[in-house]
file target17.tsv (TSV, C-alpha atoms)
chain	number	residue	atom	x	y	z
A	1	MET	CA	27.62	22.01	53.31
A	2	SER	CA	29.99	23.06	50.60
A	3	HIS	CA	29.76	24.96	47.39
A	4	ASP	CA	31.27	23.17	44.43
A	5	SER	CA	31.03	25.43	41.43
A	6	THR	CA	30.43	23.40	38.30
A	7	ALA	CA	29.58	26.42	36.19
A	8	ALA	CA	33.14	27.60	35.74
A	9	PRO	CA	34.08	26.70	32.16
A	10	GLU	CA	36.92	29.21	32.10
A	11	ALA	CA	38.49	27.63	35.20
A	12	ALA	CA	37.91	24.12	33.84
A	13	ALA	CA	39.60	25.01	30.55
A	14	ARG	CA	42.71	26.44	32.20
A	15	LYS	CA	45.89	24.46	31.63
A	16	LEU	CA	49.11	24.39	33.55
A	17	SER	CA	52.16	26.02	32.05
A	18	GLY	CA	54.88	23.65	30.92
A	19	ARG	CA	57.04	23.93	34.03
A	20	ARG	CA	54.23	23.13	36.47
A	21	ARG	CA	53.17	19.62	37.45
A	22	LYS	CA	49.70	18.64	38.62
A	23	GLU	CA	51.01	16.26	41.29
A	24	ILE	CA	53.20	18.94	42.95
A	25	VAL	CA	51.59	20.76	45.87
A	26	ALA	CA	53.31	23.83	47.32
A	27	VAL	CA	52.36	24.89	50.84
A	28	LEU	CA	53.08	28.53	51.61
A	29	LEU	CA	53.99	29.20	55.26
A	30	PHE	CA	54.34	32.52	57.08
A	31	SER	CA	55.71	33.49	60.45
A	32	GLY	CA	52.99	33.69	63.09
A	33	GLY	CA	50.76	31.12	61.43
A	34	PRO	CA	49.09	28.54	63.70
A	35	ILE	CA	50.87	25.20	63.57
A	36	PHE	CA	47.72	23.05	63.52
A	37	GLU	CA	46.27	24.67	60.40
A	38	SER	CA	49.71	24.73	58.77
A	39	SER	CA	50.17	21.01	59.38
A	40	ILE	CA	46.94	19.94	57.65
A	41	PRO	CA	48.12	20.15	54.01
A	42	LEU	CA	51.54	18.87	55.07
A	43	SER	CA	49.93	15.73	56.46
A	44	VAL	CA	47.46	15.24	53.61
A	45	PHE	CA	49.83	15.85	50.70
A	46	GLY	CA	53.25	15.18	52.24
A	47	ILE	CA	53.00	11.60	53.51
A	48	ASP	CA	53.33	8.58	51.23
A	49	ARG	CA	50.20	6.45	51.73
A	50	GLN	CA	50.32	4.49	48.50
A	51	ASP	CA	50.10	1.26	50.51
A	52	ALA	CA	46.57	2.37	51.49
A	53	GLY	CA	45.56	3.17	47.94
A	54	VAL	CA	46.17	6.92	48.16
A	55	PRO	CA	48.03	8.33	45.12
A	56	ARG	CA	51.17	10.19	46.05
A	57	TYR	CA	51.62	13.93	45.75
A	58	ARG	CA	54.97	15.71	45.73
A	59	LEU	CA	55.08	18.30	48.50
A	60	LEU	CA	57.07	21.53	48.45
A	61	VAL	CA	57.06	23.50	51.71
A	62	CYS	CA	57.79	27.13	50.90
A	63	ALA	CA	58.53	30.14	53.09
A	64	GLY	CA	56.39	33.13	52.18
A	65	GLU	CA	58.91	35.47	53.83
A	66	ASP	CA	62.37	35.42	55.35
A	67	GLY	CA	62.78	32.89	58.18
A	68	PRO	CA	62.98	31.46	60.64
A	69	LEU	CA	59.21	31.23	60.80
A	70	ARG	CA	57.83	31.39	64.32
A	71	THR	CA	54.59	29.56	64.99
A	72	THR	CA	52.36	28.43	67.85
A	73	GLY	CA	54.13	28.04	71.19
A	74	GLY	CA	57.22	29.91	70.01
A	75	LEU	CA	58.40	27.10	67.75
A	76	GLU	CA	60.71	28.06	64.91
A	77	LEU	CA	60.40	26.47	61.48
A	78	THR	CA	62.81	26.52	58.58
A	79	ALA	CA	61.12	25.86	55.25
A	80	PRO	CA	63.29	23.96	52.75
A	81	ASN	CA	62.09	26.13	49.84
A	82	GLY	CA	61.48	29.78	49.08
A	83	LEU	CA	58.90	31.46	46.88
A	84	GLU	CA	60.75	30.41	43.73
A	85	ALA	CA	59.66	26.78	44.26
A	86	ILE	CA	56.02	27.73	43.78
A	87	SER	CA	56.76	28.01	40.05
A	88	ARG	CA	56.75	24.19	39.81
A	89	ALA	CA	53.47	23.54	41.62
A	90	GLY	CA	50.12	22.68	40.11
A	91	THR	CA	48.44	23.45	43.43
A	92	VAL	CA	49.42	26.17	45.91
A	93	VAL	CA	47.97	26.06	49.43
A	94	VAL	CA	47.96	28.94	51.91
A	95	PRO	CA	46.95	27.21	55.16
A	96	ALA	CA	46.67	30.29	57.35
A	97	TRP	CA	47.61	33.94	57.73
A	98	ARG	CA	48.88	35.37	60.98
A	99	SER	CA	46.61	38.41	61.22
A	100	ILE	CA	43.42	39.43	59.44
A	101	THR	CA	44.36	43.07	60.02
A	102	SER	CA	47.84	43.11	58.46
A	103	PRO	CA	48.70	42.90	54.74
A	104	PRO	CA	50.65	39.86	53.45
A	105	PRO	CA	54.10	40.38	51.90
A	106	GLU	CA	53.84	41.72	48.36
A	107	GLU	CA	56.40	39.19	47.09
A	108	ALA	CA	54.15	36.32	48.19
A	109	LEU	CA	51.11	37.94	46.61
A	110	ASP	CA	52.98	38.33	43.32
A	111	ALA	CA	53.97	34.65	43.44
A	112	LEU	CA	50.35	33.63	43.96
A	113	ARG	CA	49.17	35.82	41.09
A	114	ARG	CA	51.79	34.34	38.75
A	115	ALA	CA	50.85	30.82	39.81
A	116	HIS	CA	47.20	31.48	39.08
A	117	GLU	CA	47.97	33.07	35.73
A	118	GLU	CA	49.96	29.96	34.81
A	119	GLY	CA	47.04	27.66	35.58
A	120	ALA	CA	47.81	26.56	39.13
A	121	ARG	CA	44.99	25.75	41.52
A	122	ILE	CA	45.10	28.17	44.49
A	123	VAL	CA	43.76	27.09	47.89
A	124	GLY	CA	43.19	29.18	51.03
A	125	LEU	CA	42.42	27.38	54.29
A	126	CYS	CA	40.74	29.36	57.08
A	127	THR	CA	42.42	32.80	57.28
A	128	GLY	CA	44.46	31.91	54.21
A	129	ALA	CA	41.46	33.33	52.34
A	130	PHE	CA	42.64	36.80	53.38
A	131	VAL	CA	45.91	36.22	51.50
A	132	LEU	CA	44.02	35.13	48.38
A	133	ALA	CA	41.74	38.15	48.69
A	134	ALA	CA	44.72	40.50	49.09
A	135	ALA	CA	46.16	39.05	45.89
A	136	GLY	CA	42.89	39.84	44.09
A	137	LEU	CA	42.21	36.15	43.38
A	138	LEU	CA	38.79	36.18	45.07
A	139	ASP	CA	37.39	39.24	43.29
A	140	GLY	CA	33.93	38.45	41.97
A	141	ARG	CA	34.08	34.90	43.33
A	142	PRO	CA	32.27	32.97	46.05
A	143	ALA	CA	34.49	32.23	49.06
A	144	THR	CA	34.37	31.33	52.71
A	145	THR	CA	36.55	31.51	55.81
A	146	HIS	CA	36.14	30.88	59.52
A	147	TRP	CA	32.71	32.21	60.56
A	148	MET	CA	34.33	34.52	63.10
A	149	TYR	CA	36.32	36.31	60.39
A	150	ALA	CA	33.74	36.24	57.59
A	151	PRO	CA	32.30	39.71	58.38
A	152	THR	CA	35.78	41.23	58.27
A	153	LEU	CA	36.57	39.50	54.97
A	154	ALA	CA	33.28	40.74	53.48
A	155	LYS	CA	33.82	44.30	54.70
A	156	ARG	CA	37.47	44.57	53.70
A	157	TYR	CA	37.00	42.97	50.27
A	158	PRO	CA	33.46	43.90	49.14
A	159	SER	CA	33.95	42.36	45.70
A	160	VAL	CA	34.29	38.91	47.28
A	161	HIS	CA	31.02	36.97	47.68
A	162	VAL	CA	31.58	35.70	51.21
A	163	ASP	CA	29.34	32.88	52.38
A	164	PRO	CA	29.98	32.15	56.08
A	165	ARG	CA	27.68	29.11	56.03
A	166	GLU	CA	29.97	26.96	53.89
A	167	LEU	CA	32.56	24.46	55.11
A	168	PHE	CA	34.44	25.03	51.87
A	169	VAL	CA	33.91	26.60	48.47
A	170	ASP	CA	35.30	25.12	45.26
A	171	ASP	CA	35.20	27.71	42.50
A	172	GLY	CA	37.24	25.66	40.07
A	173	ASP	CA	40.76	27.09	40.16
A	174	VAL	CA	40.40	28.93	43.49
A	175	LEU	CA	39.21	27.15	46.63
A	176	THR	CA	38.66	28.33	50.21
A	177	SER	CA	37.65	26.67	53.47
A	178	ALA	CA	36.37	27.54	56.92
A	179	GLY	CA	38.28	26.79	60.14
A	180	THR	CA	40.61	23.97	61.13
A	181	ALA	CA	38.50	20.85	60.54
A	182	ALA	CA	37.05	22.33	57.35
A	183	GLY	CA	40.62	22.54	56.04
A	184	ILE	CA	40.73	18.75	56.25
A	185	ASP	CA	37.38	18.59	54.44
A	186	LEU	CA	38.71	20.72	51.60
A	187	CYS	CA	41.96	18.76	51.29
A	188	LEU	CA	39.95	15.53	51.08
A	189	HIS	CA	37.78	17.18	48.43
A	190	ILE	CA	40.90	17.98	46.42
A	191	VAL	CA	42.05	14.36	46.60
A	192	ARG	CA	38.54	13.26	45.60
A	193	THR	CA	38.57	15.66	42.65
A	194	ASP	CA	42.00	14.48	41.51
A	195	HIS	CA	41.72	10.74	42.14
A	196	GLY	CA	38.13	9.80	42.92
A	197	ASN	CA	36.01	8.75	45.88
A	198	GLU	CA	37.96	5.58	46.62
A	199	ALA	CA	41.24	7.42	47.12
A	200	ALA	CA	39.60	10.10	49.26
A	201	GLY	CA	37.85	7.45	51.33
A	202	ALA	CA	41.10	5.58	51.91
A	203	LEU	CA	42.80	8.78	53.04
A	204	ALA	CA	39.87	9.65	55.32
A	205	ARG	CA	40.18	6.25	57.00
A	206	ARG	CA	43.88	6.84	57.61
A	207	LEU	CA	43.13	10.25	59.11
A	208	VAL	CA	40.18	8.79	61.07
A	209	VAL	CA	37.78	11.47	59.78
A	210	PRO	CA	34.54	11.22	57.80
A	211	PRO	CA	35.13	11.29	54.03
A	212	ARG	CA	32.29	13.81	53.68
A	213	ARG	CA	30.60	15.97	56.27
A	214	SER	CA	27.07	17.21	55.78
A	215	GLY	CA	25.97	20.55	57.16
A	216	GLY	CA	27.87	23.80	57.28
A	217	GLN	CA	29.18	26.35	59.75
A	218	GLU	CA	25.71	27.29	61.03
A	219	ARG	CA	26.02	25.01	64.02
A	220	TYR	CA	29.17	26.79	65.22
A	221	LEU	CA	28.14	30.41	64.76
A	222	ASP	CA	27.83	32.72	67.74
A	223	ARG	CA	27.31	36.45	67.99
A	224	SER	CA	30.95	37.48	67.96
A	225	LEU	CA	31.82	40.23	65.52
A	226	PRO	CA	34.64	42.72	65.08
A	227	GLU	CA	34.27	45.63	67.49
A	228	GLU	CA	34.28	48.14	64.67
A	229	ILE	CA	30.72	47.18	63.74
A	230	GLY	CA	29.44	48.21	67.16
A	231	ALA	CA	29.48	51.89	66.17
A	232	ASP	CA	27.52	51.34	62.97
A	233	PRO	CA	24.00	52.90	62.81
A	234	LEU	CA	22.59	49.53	61.77
A	235	ALA	CA	23.25	48.31	65.32
A	236	GLU	CA	20.20	50.30	66.49
A	237	VAL	CA	18.01	48.63	63.90
A	238	VAL	CA	19.29	45.22	64.91
A	239	ALA	CA	18.62	46.03	68.57
A	240	TRP	CA	15.02	46.84	67.71
A	241	ALA	CA	14.66	43.64	65.66
A	242	LEU	CA	15.96	41.46	68.49
A	243	GLU	CA	13.52	43.06	70.95
A	244	HIS	CA	10.55	42.56	68.62
A	245	LEU	CA	11.13	39.07	67.23
A	246	HIS	CA	7.71	38.11	68.60
A	247	GLU	CA	6.13	40.53	66.12
A	248	GLN	CA	5.60	39.88	62.43
A	249	PHE	CA	7.81	42.26	60.46
A	250	ASP	CA	10.01	41.89	57.42
A	251	VAL	CA	13.21	43.31	55.96
A	252	GLU	CA	11.27	46.23	54.46
A	253	THR	CA	10.37	47.23	58.03
A	254	LEU	CA	14.03	47.17	59.05
A	255	ALA	CA	15.05	49.16	55.97
A	256	ALA	CA	12.44	51.81	56.80
A	257	ARG	CA	13.73	52.07	60.36
A	258	ALA	CA	17.21	52.59	58.94
A	259	TYR	CA	15.85	55.29	56.56
A	260	MET	CA	17.16	53.33	53.57
A	261	SER	CA	15.69	51.78	50.48
A	262	ARG	CA	15.46	48.01	50.56
A	263	ARG	CA	18.23	47.72	48.00
A	264	THR	CA	20.57	50.05	49.89
A	265	PHE	CA	19.78	48.33	53.19
A	266	ASP	CA	20.50	44.89	51.72
A	267	ARG	CA	23.81	46.07	50.30
A	268	ARG	CA	24.84	47.82	53.51
A	269	PHE	CA	23.84	44.89	55.70
A	270	ARG	CA	25.68	42.39	53.51
A	271	SER	CA	28.82	44.55	53.37
A	272	LEU	CA	28.96	44.55	57.17
A	273	THR	CA	28.09	40.94	57.84
A	274	GLY	CA	28.55	38.89	54.69
A	275	SER	CA	24.93	37.76	55.07
A	276	ALA	CA	21.63	38.81	53.52
A	277	PRO	CA	19.29	40.53	56.03
A	278	LEU	CA	16.42	38.13	55.29
A	279	GLN	CA	18.58	35.12	56.11
A	280	TRP	CA	19.78	36.83	59.29
A	281	LEU	CA	16.24	37.60	60.39
A	282	ILE	CA	14.99	34.06	59.73
A	283	THR	CA	17.92	32.57	61.62
A	284	GLN	CA	17.35	34.86	64.59
A	285	ARG	CA	13.74	33.71	64.72
A	286	VAL	CA	14.86	30.07	64.58
A	287	LEU	CA	17.32	30.78	67.37
A	288	GLN	CA	14.54	32.27	69.49
A	289	ALA	CA	12.37	29.24	68.77
A	290	GLN	CA	15.22	26.97	69.78
A	291	ARG	CA	15.52	28.73	73.14
A	292	LEU	CA	11.79	28.52	73.81
A	293	LEU	CA	11.74	24.83	72.94
A	294	GLU	CA	14.57	24.30	75.43
A	295	THR	CA	13.23	26.42	78.28
A	296	SER	CA	9.42	26.36	78.09
A	297	ASP	CA	6.42	24.08	77.63
A	298	TYR	CA	4.84	26.21	74.92
A	299	SER	CA	3.36	24.18	72.09
A	300	VAL	CA	5.02	24.39	68.69
A	301	ASP	CA	2.14	26.58	67.51
A	302	GLU	CA	2.69	28.96	70.44
A	303	VAL	CA	6.45	29.01	69.83
A	304	ALA	CA	5.85	29.95	66.19
A	305	GLY	CA	3.70	32.90	67.24
A	306	ARG	CA	6.16	34.07	69.88
A	307	CYS	CA	9.00	34.06	67.33
A	308	GLY	CA	7.23	36.07	64.64
A	309	PHE	CA	6.57	33.23	62.21
A	310	ARG	CA	3.34	33.64	60.27
A	311	SER	CA	2.39	30.02	60.85
A	312	PRO	CA	3.65	26.83	62.54
A	313	VAL	CA	4.29	25.46	59.05
A	314	ALA	CA	6.76	28.29	58.39
A	315	LEU	CA	8.53	27.59	61.70
A	316	ARG	CA	8.80	23.88	60.96
A	317	GLY	CA	10.19	24.48	57.48
A	318	HIS	CA	12.86	26.97	58.53
A	319	PHE	CA	13.71	25.00	61.67
A	320	ARG	CA	14.26	21.80	59.71
A	321	ARG	CA	16.34	23.56	57.05
A	322	GLN	CA	18.64	25.14	59.63
A	323	LEU	CA	18.84	22.37	62.24
A	324	GLY	CA	17.93	19.24	60.31
A	325	SER	CA	15.13	18.42	62.75
A	326	SER	CA	11.51	19.20	63.47
A	327	PRO	CA	10.85	21.45	66.50
A	328	ALA	CA	9.16	18.59	68.36
A	329	ALA	CA	12.04	16.19	67.71
A	330	TYR	CA	14.55	18.82	68.76
A	331	ARG	CA	12.74	19.41	72.08
A	332	ALA	CA	12.49	15.66	72.76
A	333	ALA	CA	16.19	15.14	72.06
A	334	TYR	CA	17.18	18.12	74.18
A	335	ARG	CA	15.16	16.94	77.16
A	336	ALA	CA	16.35	13.36	76.79
A	337	ARG	CA	19.94	14.51	77.10
A	338	ARG	CA	19.35	17.06	79.86
A	339	PRO	CA	21.00	16.04	83.14
A	340	GLN	CA	18.56	14.41	85.55
A	341	GLY	CA	17.09	16.84	88.03
A	342	GLU	CA	17.62	19.88	85.79
A	343	LYS	CA	14.40	21.78	85.39
A	344	HIS	CA	13.28	23.84	82.45
A	345	SER	CA	11.30	27.03	82.77
A	346	ASP	CA	7.64	26.23	82.30
A	347	HIS	CA	5.31	29.02	81.33
A	348	HIS	CA	2.65	30.09	83.81
A	349	ASP	CA	-0.90	31.12	83.30
A	350	GLY	CA	-1.58	34.80	83.53
A	351	PRO	CA	-4.88	36.54	84.24
A	352	HIS	CA	-8.04	34.77	83.06
A	353	GLY	CA	-6.10	31.60	82.29
A	354	VAL	CA	-4.17	33.21	79.42
A	355	PRO	CA	-0.65	31.79	79.19
A	356	GLY	CA	1.80	34.27	80.62
A	357	PRO	CA	5.49	34.66	79.88
A	358	SER	CA	7.99	32.09	81.04
A	359	PRO	CA	9.93	32.89	84.21
A	360	VAL	CA	12.90	35.02	83.30
A	361	SER	CA	16.29	34.01	84.60
A	362	PRO	CA	18.79	36.73	85.53
A	363	GLU	CA	20.74	36.30	82.34
A	364	HIS	CA	17.57	36.91	80.30
A	365	ALA	CA	16.25	39.79	82.39
A	366	PRO	CA	15.74	43.19	80.72
A	367	VAL	CA	18.94	45.15	80.32
A	368	PRO	CA	19.63	48.85	79.75
A	369	LEU	CA	19.32	50.23	76.22
A	370	GLN	CA	23.06	50.73	75.82
A	371	ALA	CA	23.70	47.13	76.76
A	372	ARG	CA	21.05	45.99	74.28
A	373	ARG	CA	22.66	48.09	71.55
A	374	THR	CA	26.04	46.54	72.31
A	375	ALA	CA	24.52	43.08	72.13
A	376	ALA	CA	22.82	44.01	68.89
A	377	ALA	CA	26.11	45.05	67.38
A	378	SER	CA	27.49	41.61	68.07
A	379	ALA	CA	24.28	40.05	66.78
A	380	LEU	CA	25.10	41.40	63.32
A	381	ALA	CA	26.62	37.99	62.63
A	382	PRO	CA	26.80	36.15	59.33
A	383	SER	CA	24.10	33.81	60.62
A	384	ALA	CA	22.48	32.91	63.91
A	385	SER	CA	24.11	31.55	67.02
A	386	LEU	CA	22.55	28.12	66.83
A	387	SER	CA	23.36	26.47	70.13
A	388	THR	CA	24.06	22.75	69.86
A	389	GLU	CA	24.42	22.16	73.57
A	390	GLY	CA	22.38	19.22	74.76
A	391	ALA	CA	21.08	18.04	71.41
A	392	LYS	CA	22.08	15.05	69.37
A	393	PRO	CA	24.71	15.84	66.74
A	394	GLU	CA	22.71	14.12	64.02
A	395	LEU	CA	19.93	16.65	64.47
A	396	TYR	CA	22.18	19.29	62.97
A	397	ALA	CA	23.06	17.43	59.78
A	398	THR	CA	21.28	19.17	56.94
A	399	GLY	CA	21.49	16.25	54.56
A	400	ARG	CA	23.39	18.32	51.99
A	401	LEU	CA	26.49	16.66	50.69
A	402	PRO	CA	29.67	18.43	49.57
A	403	GLY	CA	29.10	19.81	46.13
A	404	GLN	CA	25.57	20.94	46.92
A	405	ARG	CA	24.39	24.46	47.67
A	406	SER	CA	21.20	24.97	49.61
A	407	ALA	CA	18.34	26.82	48.04
A	408	PRO	CA	17.99	30.53	48.98
call {"tool": "encode", "arguments": {"input": "target17.tsv", "output": "structure tokens"}}
result
Amino acid sequence: MSHDSTAAPEAAARKLSGRRRKEIVAVLLFSGGPIFESSIPLSVFGIDRQDAGVPRYRLLVCAGEDGPLRTTGGLELTAPNGLEAISRAGTVVVPAWRSITSPPPEEALDALRRAHEEGARIVGLCTGAFVLAAAGLLDGRPATTHWMYAPTLAKRYPSVHVDPRELFVDDGDVLTSAGTAAGIDLCLHIVRTDHGNEAAGALARRLVVPPRRSGGQERYLDRSLPEEIGADPLAEVVAWALEHLHEQFDVETLAARAYMSRRTFDRRFRSLTGSAPLQWLITQRVLQAQRLLETSDYSVDEVAGRCGFRSPVALRGHFRRQLGSSPAAYRAAYRARRPQGEKHSDHHDGPHGVPGPSPVSPEHAPVPLQARRTAAASALAPSASLSTEGAKPELYATGRLPGQRSAP
């Protein structure tokens, strides 16, 4: 899934200053940046593939600070250009930033601001979004970054509308992407925007990647979050929610437990996680349903009740939207791919023939309150940890193509 903003007339009307050329792409490198992410725009825009029908760009590799630039594995790079070369570029790409906790050099931020003021298209891949945010170029805009860093981006720059579900976000003159592979997606999108589907398809074939990927970052999310969130009072509310997913409650219930108004709770929750609390709650329920479908023989109706959905219809709708599959199809695919001889945990009948709880494995056994609170802190994620292990990849395709945003 990607967000392609078409309602940006101001961005669409922007024109390059006289000294800048649309076909020139400047890539801004910093010391400490990962070499893989840094190499993506160099490969896409820096290699002549006109024989394959891909229009040629002119690449300028620029050092964002004094060199030599050290990268992954201790390699040293020497960029042929400095910040002054950015003044000729119609597109400026920041492929990565070395640390989400340290500020970028002010000289580089000034160069990015000038480039944007003069009509250049500014692109941040993965943690490069933090450089764009530090320059103020994401204020009031939608943006994304790697799901693991999205909460930090949202907390540090509250004026940025961070969406951790997106593979990339095109907001006209400022574009951002998620992690490594999503950087390729965004670069292909830029080629498609500049030269059409045929050119992007030809480049994708050369790179041996799909020209478009459906879906978003949901399939990769886990519960990892910056440690600083663990001390937040909302962690207690999240701990309670995770322990009571089998009950029917809503965001108003969580806000009341936090002694906040719904509006304040929504704002506080989003500032910490980059996600709306309702979306988080729905995804946690889907995650719970996913686990029960994998580890029990409960019917879909029973699974819906044990995950707090008001009806099986609600479960099926949310499950399909998040995983691209019905619950029954997901269970069938999971079991078909499970290694032979591996057993799932069937539920057992309790007293009077009433279905009892499934056997609990050690890793799912009750844990002390403090441990649950710690887990809850890390559950304050931008979205759920939707495990893809054992299921067919196509089950996770949402059917949304780049340029489409899912309904709320």
call {"tool": "closest_residue", "arguments": {"input": "target17.tsv", "among": "A:Arg257, A:Cys307, A:Ile190, A:Ala120", "to": "Phe45 of chain A", "atoms": "only C-alpha atoms"}}
result
A:Ile190
call {"tool": "residues_around", "arguments": {"input": "target17.tsv", "residues": "Arg141 of chain A", "least_positions_apart": "4", "cutoff": "9 Å", "atoms": "all atoms listed in the file", "output": "list in words"}}
result
Leu137, Ser159, Val160, His161, Val162, Asp171 and Val174 of chain A
call {"tool": "closest_residue", "arguments": {"input": "target17.tsv", "among": "A:Ser275, A:Ser299, A:Thr72, A:Ser325", "to": "Arg165 of chain A", "atoms": "all atoms listed in the file"}}
result
A:Ser275
call {"tool": "atom_distance", "arguments": {"input": "target17.tsv", "atom1": "atom CA of Ala79 of chain A", "atom2": "atom CA of Val61 of chain A"}}
result
5.9 Å
call {"tool": "closest_residue", "arguments": {"input": "target17.tsv", "among": "A:Ala108, A:Ala255, A:Leu188, A:Val94", "to": "Leu29 of chain A", "atoms": "only C-alpha atoms"}}
result
A:Val94
call {"tool": "residues_around", "arguments": {"input": "target17.tsv", "residues": "Val131 of chain A", "least_positions_apart": "2", "cutoff": "8 Å", "atoms": "only C-alpha atoms", "output": "number ranges by chain"}}
result
A: 94, 97, 103-104, 109, 124, 127-129, 133-135
call {"tool": "write_last_selection", "arguments": {"input": "target17.tsv", "atoms": "C-alpha atoms", "output": "PDB file, keeping the file's coordinate frame"}}
result
ATOM      1  CA  VAL A  94      47.960  28.940  51.910  1.00  0.00           C
ATOM      2  CA  TRP A  97      47.610  33.940  57.730  1.00  0.00           C
ATOM      3  CA  PRO A 103      48.700  42.900  54.740  1.00  0.00           C
ATOM      4  CA  PRO A 104      50.650  39.860  53.450  1.00  0.00           C
ATOM      5  CA  LEU A 109      51.110  37.940  46.610  1.00  0.00           C
ATOM      6  CA  GLY A 124      43.190  29.180  51.030  1.00  0.00           C
ATOM      7  CA  THR A 127      42.420  32.800  57.280  1.00  0.00           C
ATOM      8  CA  GLY A 128      44.460  31.910  54.210  1.00  0.00           C
ATOM      9  CA  ALA A 129      41.460  33.330  52.340  1.00  0.00           C
ATOM     10  CA  ALA A 133      41.740  38.150  48.690  1.00  0.00           C
ATOM     11  CA  ALA A 134      44.720  40.500  49.090  1.00  0.00           C
ATOM     12  CA  ALA A 135      46.160  39.050  45.890  1.00  0.00           C
TER      13      ALA A 135
END
call {"tool": "atom_distance", "arguments": {"input": "target17.tsv", "atom1": "atom CA of Gly172 of chain A", "atom2": "atom CA of Arg321 of chain A"}}
result
27.0 Å
call {"tool": "closest_residue", "arguments": {"input": "target17.tsv", "among": "A:Ile47, A:Val93, A:Leu175, A:Ala329", "to": "Leu138 of chain A", "atoms": "all atoms listed in the file"}}
result
A:Leu175
call {"tool": "closest_residue", "arguments": {"input": "target17.tsv", "among": "A:Leu16, A:Leu112, A:Ala150, A:Ala200", "to": "Ala178 of chain A", "atoms": "all atoms listed in the file"}}
result
A:Ala150
call {"tool": "atom_distance", "arguments": {"input": "target17.tsv", "atom1": "atom CA of Ala289 of chain A", "atom2": "atom CA of Tyr330 of chain A"}}
result
10.6 Å
call {"tool": "closest_residue", "arguments": {"input": "target17.tsv", "among": "A:Arg114, A:Arg263, A:Lys22, A:Arg70", "to": "Val191 of chain A", "atoms": "only C-alpha atoms"}}
result
A:Lys22
call {"tool": "residues_near_point", "arguments": {"input": "target17.tsv", "point": "(10.6, 21.2, 62.5)", "cutoff": "12 Å", "atoms": "all atoms listed in the file", "output": "ChimeraX atom specification"}}
result
/A:286,289-290,293,300-301,303-304,312-332,395-396
call {"tool": "residues_around", "arguments": {"input": "target17.tsv", "residues": "Gly73 of chain A", "least_positions_apart": "4", "cutoff": "10 Å", "atoms": "only C-alpha atoms", "output": "MDAnalysis selection string"}}
result
chainID A and resid 32 34:35
